[in-house]
file query00.cif (mmCIF, C-alpha atoms and all ligand atoms)
data_structure
#
loop_
_atom_site.label_atom_id
_atom_site.label_comp_id
_atom_site.auth_asym_id
_atom_site.auth_seq_id
_atom_site.Cartn_x
_atom_site.Cartn_y
_atom_site.Cartn_z
CA MET A 1 0.00 0.00 0.00
CA ILE A 2 1.09 3.56 -0.66
CA PHE A 3 0.31 5.95 2.17
CA ALA A 4 0.65 9.43 0.72
CA ALA A 5 0.18 12.33 3.12
CA ASN A 6 -0.78 15.78 1.88
CA PHE A 7 -0.03 18.27 4.64
CA LYS A 8 -1.37 21.21 2.63
CA SER A 9 -0.40 24.42 4.48
CA ASN A 10 0.19 22.76 7.83
CA HIS A 11 3.37 22.23 9.85
CA SER A 12 6.28 24.51 10.44
CA ARG A 13 9.83 23.35 9.97
CA ALA A 14 10.14 22.74 13.72
CA SER A 15 6.88 20.83 14.10
CA PHE A 16 7.62 18.68 11.07
CA LYS A 17 11.03 17.78 12.43
CA GLU A 18 9.32 16.38 15.51
CA TYR A 19 6.68 14.64 13.37
CA ALA A 20 9.32 13.09 11.12
CA GLY A 21 11.27 11.78 14.11
CA ILE A 22 8.23 9.98 15.53
CA LEU A 23 7.06 8.67 12.17
CA GLY A 24 10.57 7.51 11.25
CA ASP A 25 10.87 5.54 14.50
CA PHE A 26 7.48 3.91 13.92
CA TRP A 27 8.30 3.11 10.30
CA SER A 28 11.66 1.55 11.07
CA GLU A 29 9.86 -1.01 13.28
CA PHE A 30 6.88 -1.51 10.98
CA ASP A 31 6.51 -4.74 9.02
CA LYS A 32 6.48 -3.01 5.62
CA LYS A 33 6.41 -5.66 2.92
CA ASP A 34 5.08 -3.69 -0.09
CA ASP A 35 4.18 -0.57 1.86
CA GLU A 36 5.47 2.91 1.26
CA ILE A 37 5.00 6.37 2.76
CA ILE A 38 5.33 9.60 0.79
CA ILE A 39 4.91 12.80 2.79
CA PHE A 40 4.10 16.05 1.01
CA PRO A 41 4.91 18.74 3.58
CA PRO A 42 5.12 22.50 2.93
CA PHE A 43 8.34 23.46 1.11
CA SER A 44 9.82 25.11 4.18
CA ALA A 45 9.76 21.78 6.03
CA PHE A 46 12.20 20.17 3.57
CA CYS A 47 15.04 21.85 5.34
CA GLY A 48 16.34 20.11 8.41
CA CYS A 49 14.15 17.06 8.14
CA ALA A 50 15.62 13.62 8.71
CA LEU A 51 13.06 11.41 7.01
CA ASN A 52 15.30 8.81 5.47
CA GLY A 53 14.70 5.14 5.39
CA LYS A 54 13.30 2.26 3.46
CA ASN A 55 10.15 3.11 1.51
CA ILE A 56 9.67 6.51 3.07
CA SER A 57 10.29 9.77 1.28
CA LEU A 58 9.25 13.37 0.82
CA GLY A 59 7.49 14.92 -2.13
CA ALA A 60 6.47 18.40 -3.24
CA GLN A 61 2.86 19.59 -3.16
CA ASN A 62 3.57 22.02 -5.96
CA PHE A 63 6.22 23.36 -8.36
CA TYR A 64 6.44 25.65 -11.33
CA PRO A 65 7.37 23.76 -14.51
CA ALA A 66 10.80 25.30 -15.09
CA ASP A 67 14.31 24.70 -13.76
CA ASN A 68 14.55 28.32 -12.60
CA GLY A 69 13.70 31.76 -13.93
CA ALA A 70 11.63 34.90 -13.41
CA PHE A 71 8.56 33.36 -11.75
CA THR A 72 7.99 35.42 -8.66
CA GLY A 73 6.97 33.34 -5.69
CA GLU A 74 7.32 29.97 -7.41
CA ILE A 75 9.48 26.99 -6.53
CA CYS A 76 11.20 25.36 -9.51
CA ALA A 77 13.09 22.16 -10.20
CA ASP A 78 16.50 23.51 -9.14
CA MET A 79 15.15 24.21 -5.66
CA LEU A 80 13.51 20.81 -5.33
CA SER A 81 16.55 18.92 -6.50
CA GLU A 82 18.62 20.55 -3.78
CA PHE A 83 16.50 18.59 -1.33
CA GLY A 84 16.52 15.40 -3.38
CA ILE A 85 12.81 15.70 -4.11
CA ASN A 86 11.63 13.57 -7.00
CA SER A 87 7.95 12.98 -6.23
CA VAL A 88 5.36 15.65 -6.92
CA LEU A 89 1.63 16.18 -6.58
CA VAL A 90 -0.02 17.47 -9.74
CA GLY A 91 -3.64 18.46 -10.31
CA HIS A 92 -4.85 18.60 -6.71
CA SER A 93 -8.33 20.12 -6.63
CA GLU A 94 -7.16 22.88 -4.28
CA ARG A 95 -4.55 23.95 -6.87
CA ARG A 96 -7.13 23.69 -9.64
CA ALA A 97 -9.45 25.91 -7.56
CA LEU A 98 -6.65 28.50 -7.47
CA GLY A 99 -6.61 28.60 -11.26
CA GLU A 100 -4.58 25.64 -12.53
CA ASP A 101 -6.52 24.42 -15.55
CA ASP A 102 -6.12 21.15 -17.43
CA GLU A 103 -3.62 22.74 -19.80
CA PHE A 104 -1.36 23.85 -16.96
CA VAL A 105 -1.77 20.50 -15.24
CA ARG A 106 -0.61 18.85 -18.48
CA ALA A 107 2.37 21.22 -18.70
CA LYS A 108 3.35 20.33 -15.13
CA PHE A 109 2.94 16.64 -15.87
CA GLU A 110 5.09 16.89 -19.01
CA PHE A 111 7.79 18.77 -17.13
CA ALA A 112 7.79 16.26 -14.28
CA LYS A 113 7.91 13.39 -16.75
CA ALA A 114 10.93 14.93 -18.49
CA LYS A 115 12.59 15.08 -15.05
CA LEU A 116 11.68 11.42 -14.45
CA TRP A 117 9.89 12.44 -11.27
CA ARG A 118 7.20 10.33 -9.73
CA VAL A 119 3.90 12.08 -10.39
CA VAL A 120 0.86 11.67 -8.15
CA LEU A 121 -1.78 13.03 -10.50
CA CYS A 122 -5.01 13.96 -8.74
CA VAL A 123 -8.30 13.74 -10.56
CA GLY A 124 -11.81 14.07 -9.24
CA GLU A 125 -15.20 15.60 -9.83
CA ASP A 126 -17.28 18.08 -7.85
CA ASP A 127 -20.68 17.29 -6.36
CA ILE A 128 -22.63 18.51 -9.39
CA VAL A 129 -20.79 16.25 -11.81
CA HIS A 130 -21.18 13.45 -9.27
CA MET A 131 -24.93 13.98 -8.84
CA ASN A 132 -25.42 14.15 -12.59
CA GLY A 133 -23.66 10.81 -12.97
CA ASN A 134 -21.00 12.24 -15.30
CA THR A 135 -17.92 11.30 -13.30
CA CYS A 136 -16.26 8.99 -15.82
CA GLU A 137 -16.68 11.46 -18.67
CA PHE A 138 -15.27 14.21 -16.48
CA LEU A 139 -12.25 12.15 -15.42
CA GLU A 140 -11.67 11.28 -19.04
CA SER A 141 -11.37 15.00 -19.81
CA GLN A 142 -8.94 15.53 -16.92
CA LEU A 143 -6.77 12.69 -18.23
CA GLU A 144 -6.72 13.90 -21.80
CA GLY A 145 -3.17 14.46 -23.02
CA ILE A 146 -1.64 12.72 -19.99
CA ASP A 147 0.72 9.86 -20.83
CA LEU A 148 -1.04 7.11 -18.91
CA ALA A 149 1.78 4.70 -19.71
CA TYR A 150 4.39 6.86 -17.93
CA GLU A 151 6.02 4.38 -15.62
CA LYS A 152 6.35 6.77 -12.69
CA LEU A 153 2.72 7.83 -12.76
CA ILE A 154 0.40 7.29 -9.80
CA ILE A 155 -3.22 8.39 -10.12
CA ALA A 156 -5.18 9.56 -7.09
CA TYR A 157 -8.95 9.59 -7.45
CA GLU A 158 -10.12 12.34 -5.14
CA PRO A 159 -13.78 13.33 -5.43
CA ILE A 160 -13.89 16.98 -4.39
CA TRP A 161 -17.10 16.44 -2.43
CA ALA A 162 -15.30 13.96 -0.18
CA ILE A 163 -12.20 16.06 0.51
CA GLY A 164 -12.02 17.53 4.01
CA THR A 165 -15.67 16.73 4.69
CA GLY A 166 -15.22 13.75 7.01
CA LYS A 167 -17.35 11.73 4.59
CA SER A 168 -15.40 9.51 2.25
CA ALA A 169 -17.00 8.20 -0.94
CA LYS A 170 -18.87 4.93 -0.55
CA PRO A 171 -16.81 1.83 -1.38
CA GLU A 172 -19.01 0.95 -4.35
CA ILE A 173 -18.36 4.38 -5.89
CA ILE A 174 -14.62 4.12 -5.32
CA ALA A 175 -14.67 0.60 -6.75
CA GLU A 176 -16.51 1.73 -9.88
CA ILE A 177 -14.13 4.60 -10.56
CA LEU A 178 -10.97 2.63 -9.86
CA GLU A 179 -12.24 -0.09 -12.17
CA PHE A 180 -12.81 2.55 -14.86
CA LEU A 181 -9.31 3.97 -14.35
CA SER A 182 -7.72 0.52 -14.31
CA LEU A 183 -8.99 -0.03 -17.84
CA LYS A 184 -7.07 3.04 -18.98
CA THR A 185 -3.76 2.65 -17.16
CA LYS A 186 -1.54 0.25 -15.30
CA ALA A 187 -0.49 3.06 -12.95
CA PRO A 188 -1.04 2.47 -9.22
CA LEU A 189 -4.40 3.92 -8.18
CA LEU A 190 -4.97 5.74 -4.91
CA TYR A 191 -8.16 6.96 -3.32
CA GLY A 192 -8.28 10.27 -1.43
CA GLY A 193 -11.06 12.11 0.36
CA SER A 194 -11.62 11.86 4.13
CA VAL A 195 -9.55 8.71 4.56
CA ASN A 196 -9.00 7.99 8.26
CA ALA A 197 -8.24 5.18 10.70
CA SER A 198 -11.91 4.11 10.74
CA ASN A 199 -12.37 3.65 7.01
CA ILE A 200 -8.87 2.71 5.80
CA ALA A 201 -9.33 -1.05 6.21
CA MET A 202 -12.45 -0.97 4.06
CA ILE A 203 -10.84 1.27 1.43
CA THR A 204 -7.72 -0.85 1.04
CA GLN A 205 -9.93 -3.90 0.33
CA ILE A 206 -11.36 -2.26 -2.78
CA PRO A 207 -10.15 -3.91 -5.99
CA HIS A 208 -7.46 -1.90 -7.84
CA CYS A 209 -6.81 0.28 -4.77
CA THR A 210 -3.04 0.51 -4.30
CA GLY A 211 -3.10 3.14 -1.60
CA VAL A 212 -4.49 6.35 -0.24
CA LEU A 213 -3.83 10.08 -0.37
CA VAL A 214 -4.57 11.40 3.09
CA GLY A 215 -5.06 15.01 4.10
CA SER A 216 -6.39 15.94 7.52
CA ALA A 217 -5.91 12.51 9.09
CA SER A 218 -2.17 12.75 8.38
CA TRP A 219 -1.49 16.09 10.03
CA GLN A 220 -1.09 14.69 13.54
CA VAL A 221 1.57 12.02 13.58
CA GLN A 222 -0.33 9.71 15.95
CA SER A 223 -3.41 9.91 13.77
CA PHE A 224 -1.38 8.97 10.68
CA ILE A 225 0.31 6.10 12.52
CA GLU A 226 -3.10 4.82 13.70
CA LEU A 227 -4.34 4.96 10.12
CA ILE A 228 -1.39 2.94 8.84
CA LYS A 229 -1.80 0.37 11.59
CA ALA A 230 -5.57 0.16 10.98
CA SER A 231 -4.97 -0.59 7.31
CA LYS A 232 -3.58 -3.96 8.40
CA ALA A 233 -6.37 -4.77 10.86
P1 LIG B 301 -8.69 14.92 3.31
O1 LIG B 301 -7.82 15.56 2.14
O2 LIG B 301 -8.08 13.60 3.66
O3 LIG B 301 -8.61 15.93 4.43
O4 LIG B 301 -10.08 14.76 2.80
C1 LIG B 301 -7.39 14.77 1.06
C2 LIG B 301 -6.67 15.60 0.04
O5 LIG B 301 -7.01 16.79 -0.14
O6 LIG B 301 -5.74 15.11 -0.62
#
call {"tool": "encode", "arguments": {"input": "query00.cif", "output": "structure tokens", "more": "lines below"}}
Ligand code: PGA
result
Amino acid sequence: MIFAANFKSNHSRASFKEYAGILGDFWSEFDKKDDEIIIFPPFSAFCGCALNGKNISLGAQNFYPADNGAFTGEICADMLSEFGINSVLVGHSERRALGEDDEFVRAKFEFAKAKLWRVVLCVGEDDIVHMNGNTCEFLESQLEGIDLAYEKLIIAYEPIWAIGTGKSAKPEIIAEILEFLSLKTKAPLLYGGSVNASNIAMITQIPHCTGVLVGSASWQVQSFIELIKASKA
């Protein structure tokens, strides 16, 4: 299972250092088999963090698709490589809500692919598309122009209506969408949207589910550890 943690704009450098120490100790003792953790903290937390170990790494929540240049306020590849970052989130609905359209998402994907980075590409529909039963069509449009055979691609299905609401999508809905995606790509498929210690065991049973992208339930280290443990219950 892949346990990806999206911290969003939470954790200072100091608090993440403490978090990473506790998580690292837990992970070094954990019976991992095929399991992996990828933490996406804020950029500032990359510095001074000692999260090294087997199947545990850091990724970037965002980047501007250039090595460097005149892009005020953006973080580019040169800055990420200084911290050895080679996993990135692309297409998260909160970035899309800030103005990243499909074209820009594609440009970021292409750039990341050229860098041979691992790309966790987020796709997902809002409640209107969901209620109208147009989810598959909508996801199809979000995936247009994305190289679904890219070997370092991971796709996270994150219905917007389930993100941060405390109500994850029902297993039958997740199953239907992951089945649909599995017909298009061999990439590992994650589910995200209110994943927590109470629903993780059910979610990981869903066919084609290779892992989860966790927001709020990952922000406290004990909560994230409980979630990982519960996935094996
Ligand atoms: P959530 O966030 O787990 O708080 O719903 C998931 C995400 O935004 O990736």
call {"tool": "residues_around", "arguments": {"input": "query00.cif", "residues": "Phe7 in chain A", "least_positions_apart": "6", "cutoff": "9 Å", "atoms": "only C-alpha atoms", "output": "PyMOL selection string"}}
result
chain A and resi 39-42+61+214-216+218-219
call {"tool": "atom_distance", "arguments": {"input": "query00.cif", "atom1": "CA of Leu148 in chain A", "atom2": "CA of Ala5 in chain A"}}
result
22.7 Å
call {"tool": "residues_near_ligand", "arguments": {"input": "query00.cif", "ligand": "ligand LIG 301 (chain B)", "cutoff": "6 Å", "atoms": "only C-alpha atoms and all ligand atoms", "output": "MDAnalysis selection string"}}
result
chainID A and resid 6 163:164 192:195 213:217
call {"tool": "residues_near_point", "arguments": {"input": "query00.cif", "point": "(-13.2, 5.4, 12.1)", "cutoff": "12 Å", "atoms": "all atoms listed in the file", "output": "ChimeraX atom specification"}}
result
/A:166-168,194-203,217,223,226-227,230-231
call {"tool": "write_last_selection", "arguments": {"input": "query00.cif", "atoms": "C-alpha atoms", "output": "PDB file, in the frame of the given file"}}
result
ATOM      1  CA  GLY A 166     -15.220  13.750   7.010  1.00  0.00           C
ATOM      2  CA  LYS A 167     -17.350  11.730   4.590  1.00  0.00           C
ATOM      3  CA  SER A 168     -15.400   9.510   2.250  1.00  0.00           C
ATOM      4  CA  SER A 194     -11.620  11.860   4.130  1.00  0.00           C
ATOM      5  CA  VAL A 195      -9.550   8.710   4.560  1.00  0.00           C
ATOM      6  CA  ASN A 196      -9.000   7.990   8.260  1.00  0.00           C
ATOM      7  CA  ALA A 197      -8.240   5.180  10.700  1.00  0.00           C
ATOM      8  CA  SER A 198     -11.910   4.110  10.740  1.00  0.00           C
ATOM      9  CA  ASN A 199     -12.370   3.650   7.010  1.00  0.00           C
ATOM     10  CA  ILE A 200      -8.870   2.710   5.800  1.00  0.00           C
ATOM     11  CA  ALA A 201      -9.330  -1.050   6.210  1.00  0.00           C
ATOM     12  CA  MET A 202     -12.450  -0.970   4.060  1.00  0.00           C
ATOM     13  CA  ILE A 203     -10.840   1.270   1.430  1.00  0.00           C
ATOM     14  CA  ALA A 217      -5.910  12.510   9.090  1.00  0.00           C
ATOM     15  CA  SER A 223      -3.410   9.910  13.770  1.00  0.00           C
ATOM     16  CA  GLU A 226      -3.100   4.820  13.700  1.00  0.00           C
ATOM     17  CA  LEU A 227      -4.340   4.960  10.120  1.00  0.00           C
ATOM     18  CA  ALA A 230      -5.570   0.160  10.980  1.00  0.00           C
ATOM     19  CA  SER A 231      -4.970  -0.590   7.310  1.00  0.00           C
TER      20      SER A 231
END
call {"tool": "closest_residue", "arguments": {"input": "query00.cif", "among": "A:Val105, A:Ala114, A:Ile228, A:Ile173", "to": "Gly133 in chain A", "atoms": "only C-alpha atoms"}}
result
A:Ile173
call {"tool": "residues_around", "arguments": {"input": "query00.cif", "residues": "range 21-25 of chain A", "least_positions_apart": "6", "cutoff": "10 Å", "atoms": "only C-alpha atoms", "output": "list in words"}}
result
Ile37, Cys49, Ala50, Leu51, Asn52, Gly53, Lys54, Ile56, Val221, Gln222, Phe224 and Ile225 of chain A
call {"tool": "closest_residue", "arguments": {"input": "query00.cif", "among": "A:Met79, A:Gly91, A:His11, A:Ala4", "to": "Ser57 in chain A", "atoms": "only C-alpha atoms"}}
result
A:Ala4
call {"tool": "residues_near_point", "arguments": {"input": "query00.cif", "point": "(13.5, -1.2, 5.1)", "cutoff": "9 Å", "atoms": "all atoms listed in the file", "output": "count of residues only"}}
result
11
call {"tool": "closest_atom_pairs", "arguments": {"input": "query00.cif", "of": "range 86-148 of chain A", "to": "range 154-160 of chain A", "cutoff": "12 Å", "atoms": "all atoms listed in the file", "output": "Markdown table"}}
result
| residue | atom | partner | partner_atom | distance |
| --- | --- | --- | --- | --- |
| A:Ser87 | CA | A:Ile154 | CA | 10.1 |
| A:Val88 | CA | A:Ile154 | CA | 10.1 |
| A:Leu89 | CA | A:Ala156 | CA | 9.5 |
| A:Val90 | CA | A:Ile155 | CA | 9.6 |
| A:Gly91 | CA | A:Ala156 | CA | 9.6 |
| A:His92 | CA | A:Glu158 | CA | 8.3 |
| A:Ser93 | CA | A:Ile160 | CA | 6.8 |
| A:Glu94 | CA | A:Ile160 | CA | 9.0 |
| A:Arg95 | CA | A:Ile160 | CA | 11.9 |
| A:Arg96 | CA | A:Ile160 | CA | 10.9 |
| A:Ala97 | CA | A:Ile160 | CA | 10.5 |
| A:Phe109 | CA | A:Ile154 | CA | 11.4 |
| A:Lys113 | CA | A:Ile154 | CA | 11.9 |
| A:Trp117 | CA | A:Ile154 | CA | 10.9 |
| A:Arg118 | CA | A:Ile154 | CA | 7.4 |
| A:Val119 | CA | A:Ile154 | CA | 6.0 |
| A:Val120 | CA | A:Ile154 | CA | 4.7 |
| A:Leu121 | CA | A:Ile155 | CA | 4.9 |
| A:Cys122 | CA | A:Ala156 | CA | 4.7 |
| A:Val123 | CA | A:Tyr157 | CA | 5.2 |
| A:Gly124 | CA | A:Pro159 | CA | 4.4 |
| A:Glu125 | CA | A:Pro159 | CA | 5.2 |
| A:Asp126 | CA | A:Ile160 | CA | 5.0 |
| A:Asp127 | CA | A:Ile160 | CA | 7.1 |
| A:Ile128 | CA | A:Ile160 | CA | 10.2 |
| A:Val129 | CA | A:Pro159 | CA | 9.9 |
| A:His130 | CA | A:Pro159 | CA | 8.3 |
| A:Met131 | CA | A:Pro159 | CA | 11.7 |
| A:Thr135 | CA | A:Pro159 | CA | 9.1 |
| A:Cys136 | CA | A:Tyr157 | CA | 11.1 |
| A:Phe138 | CA | A:Pro159 | CA | 11.2 |
| A:Leu139 | CA | A:Tyr157 | CA | 9.0 |
| A:Gln142 | CA | A:Tyr157 | CA | 11.2 |
| A:Leu143 | CA | A:Ile155 | CA | 9.8 |
| A:Ile146 | CA | A:Ile155 | CA | 10.9 |
| A:Asp147 | CA | A:Ile154 | CA | 11.3 |
| A:Leu148 | CA | A:Ile155 | CA | 9.1 |
call {"tool": "atom_distance", "arguments": {"input": "query00.cif", "atom1": "CA of Leu80 in chain A", "atom2": "CA of Asp101 in chain A"}}
result
22.8 Å
call {"tool": "closest_residue", "arguments": {"input": "query00.cif", "among": "A:Phe26, A:Trp161, A:Tyr191, A:Phe16", "to": "Thr210 in chain A", "atoms": "all atoms listed in the file"}}
result
A:Tyr191
call {"tool": "atom_distance", "arguments": {"input": "query00.cif", "atom1": "CA of Glu74 in chain A", "atom2": "CA of Gly145 in chain A"}}
result
24.4 Å
call {"tool": "closest_residue", "arguments": {"input": "query00.cif", "among": "A:Leu98, A:Ile75, A:Cys209, A:Ala112", "to": "Ile2 in chain A", "atoms": "all atoms listed in the file"}}
result
A:Cys209
call {"tool": "closest_residue", "arguments": {"input": "query00.cif", "among": "A:Ala77, A:Lys170, A:Asn10, A:Ala149", "to": "Ser182 in chain A", "atoms": "all atoms listed in the file"}}
result
A:Ala149
call {"tool": "build_atoms", "arguments": {"input": "query00.cif", "residues": "range 43-70 of chain A", "atoms": "N, CA and C atoms", "output": "compact mmCIF listing (two decimals), keeping the file's coordinate frame"}}
result
# COMPACT_ATOMS: atom_id res chain seq x y z
N PHE A 43 6.94 23.37 1.57
CA PHE A 43 8.34 23.46 1.11
C PHE A 43 9.31 23.75 2.25
N SER A 44 8.89 24.66 3.14
CA SER A 44 9.82 25.11 4.18
C SER A 44 10.25 23.96 5.10
N ALA A 45 9.43 22.90 5.14
CA ALA A 45 9.76 21.78 6.03
C ALA A 45 10.80 20.84 5.43
N PHE A 46 11.17 21.04 4.15
CA PHE A 46 12.20 20.17 3.57
C PHE A 46 13.52 20.33 4.29
N CYS A 47 13.74 21.55 4.75
CA CYS A 47 15.04 21.85 5.34
C CYS A 47 15.12 21.33 6.77
N GLY A 48 16.13 20.55 7.03
CA GLY A 48 16.34 20.11 8.41
C GLY A 48 15.55 18.89 8.79
N CYS A 49 14.95 18.23 7.80
CA CYS A 49 14.15 17.06 8.14
C CYS A 49 14.93 15.78 7.89
N ALA A 50 14.85 14.85 8.83
CA ALA A 50 15.62 13.62 8.71
C ALA A 50 14.72 12.44 8.40
N LEU A 51 13.96 12.53 7.33
CA LEU A 51 13.06 11.41 7.01
C LEU A 51 13.71 10.50 5.98
N ASN A 52 14.67 9.73 6.39
CA ASN A 52 15.30 8.81 5.47
C ASN A 52 14.98 7.41 5.92
N GLY A 53 14.93 6.52 5.00
CA GLY A 53 14.70 5.14 5.39
C GLY A 53 14.08 4.39 4.23
N LYS A 54 13.83 3.12 4.50
CA LYS A 54 13.30 2.26 3.46
C LYS A 54 11.84 2.64 3.18
N ASN A 55 11.54 2.85 1.93
CA ASN A 55 10.15 3.11 1.51
C ASN A 55 9.49 4.28 2.21
N ILE A 56 10.26 5.29 2.50
CA ILE A 56 9.67 6.51 3.07
C ILE A 56 10.40 7.70 2.46
N SER A 57 9.65 8.65 1.95
CA SER A 57 10.29 9.77 1.28
C SER A 57 9.40 11.01 1.32
N LEU A 58 9.98 12.10 0.88
CA LEU A 58 9.25 13.37 0.82
C LEU A 58 8.93 13.73 -0.62
N GLY A 59 7.84 14.42 -0.81
CA GLY A 59 7.49 14.92 -2.13
C GLY A 59 7.04 16.36 -2.04
N ALA A 60 6.89 17.00 -3.21
CA ALA A 60 6.47 18.40 -3.24
C ALA A 60 4.99 18.52 -3.62
N GLN A 61 4.29 19.37 -2.87
CA GLN A 61 2.86 19.59 -3.16
C GLN A 61 2.67 20.38 -4.44
N ASN A 62 3.71 21.12 -4.82
CA ASN A 62 3.57 22.02 -5.96
C ASN A 62 4.95 22.34 -6.52
N PHE A 63 4.99 22.85 -7.75
CA PHE A 63 6.22 23.36 -8.36
C PHE A 63 5.80 24.12 -9.58
N TYR A 64 6.67 24.98 -10.05
CA TYR A 64 6.44 25.65 -11.33
C TYR A 64 7.26 24.90 -12.37
N PRO A 65 6.67 24.61 -13.55
CA PRO A 65 7.37 23.76 -14.51
C PRO A 65 8.52 24.45 -15.24
N ALA A 66 9.57 24.72 -14.52
CA ALA A 66 10.80 25.30 -15.09
C ALA A 66 11.94 24.93 -14.14
N ASP A 67 13.16 24.98 -14.65
CA ASP A 67 14.31 24.70 -13.76
C ASP A 67 14.52 25.87 -12.81
N ASN A 68 14.37 27.08 -13.36
CA ASN A 68 14.55 28.32 -12.60
C ASN A 68 14.06 29.45 -13.50
N GLY A 69 14.10 30.67 -13.04
CA GLY A 69 13.70 31.76 -13.93
C GLY A 69 12.95 32.85 -13.20
N ALA A 70 12.34 33.75 -13.98
CA ALA A 70 11.63 34.90 -13.41
C ALA A 70 10.17 34.54 -13.16
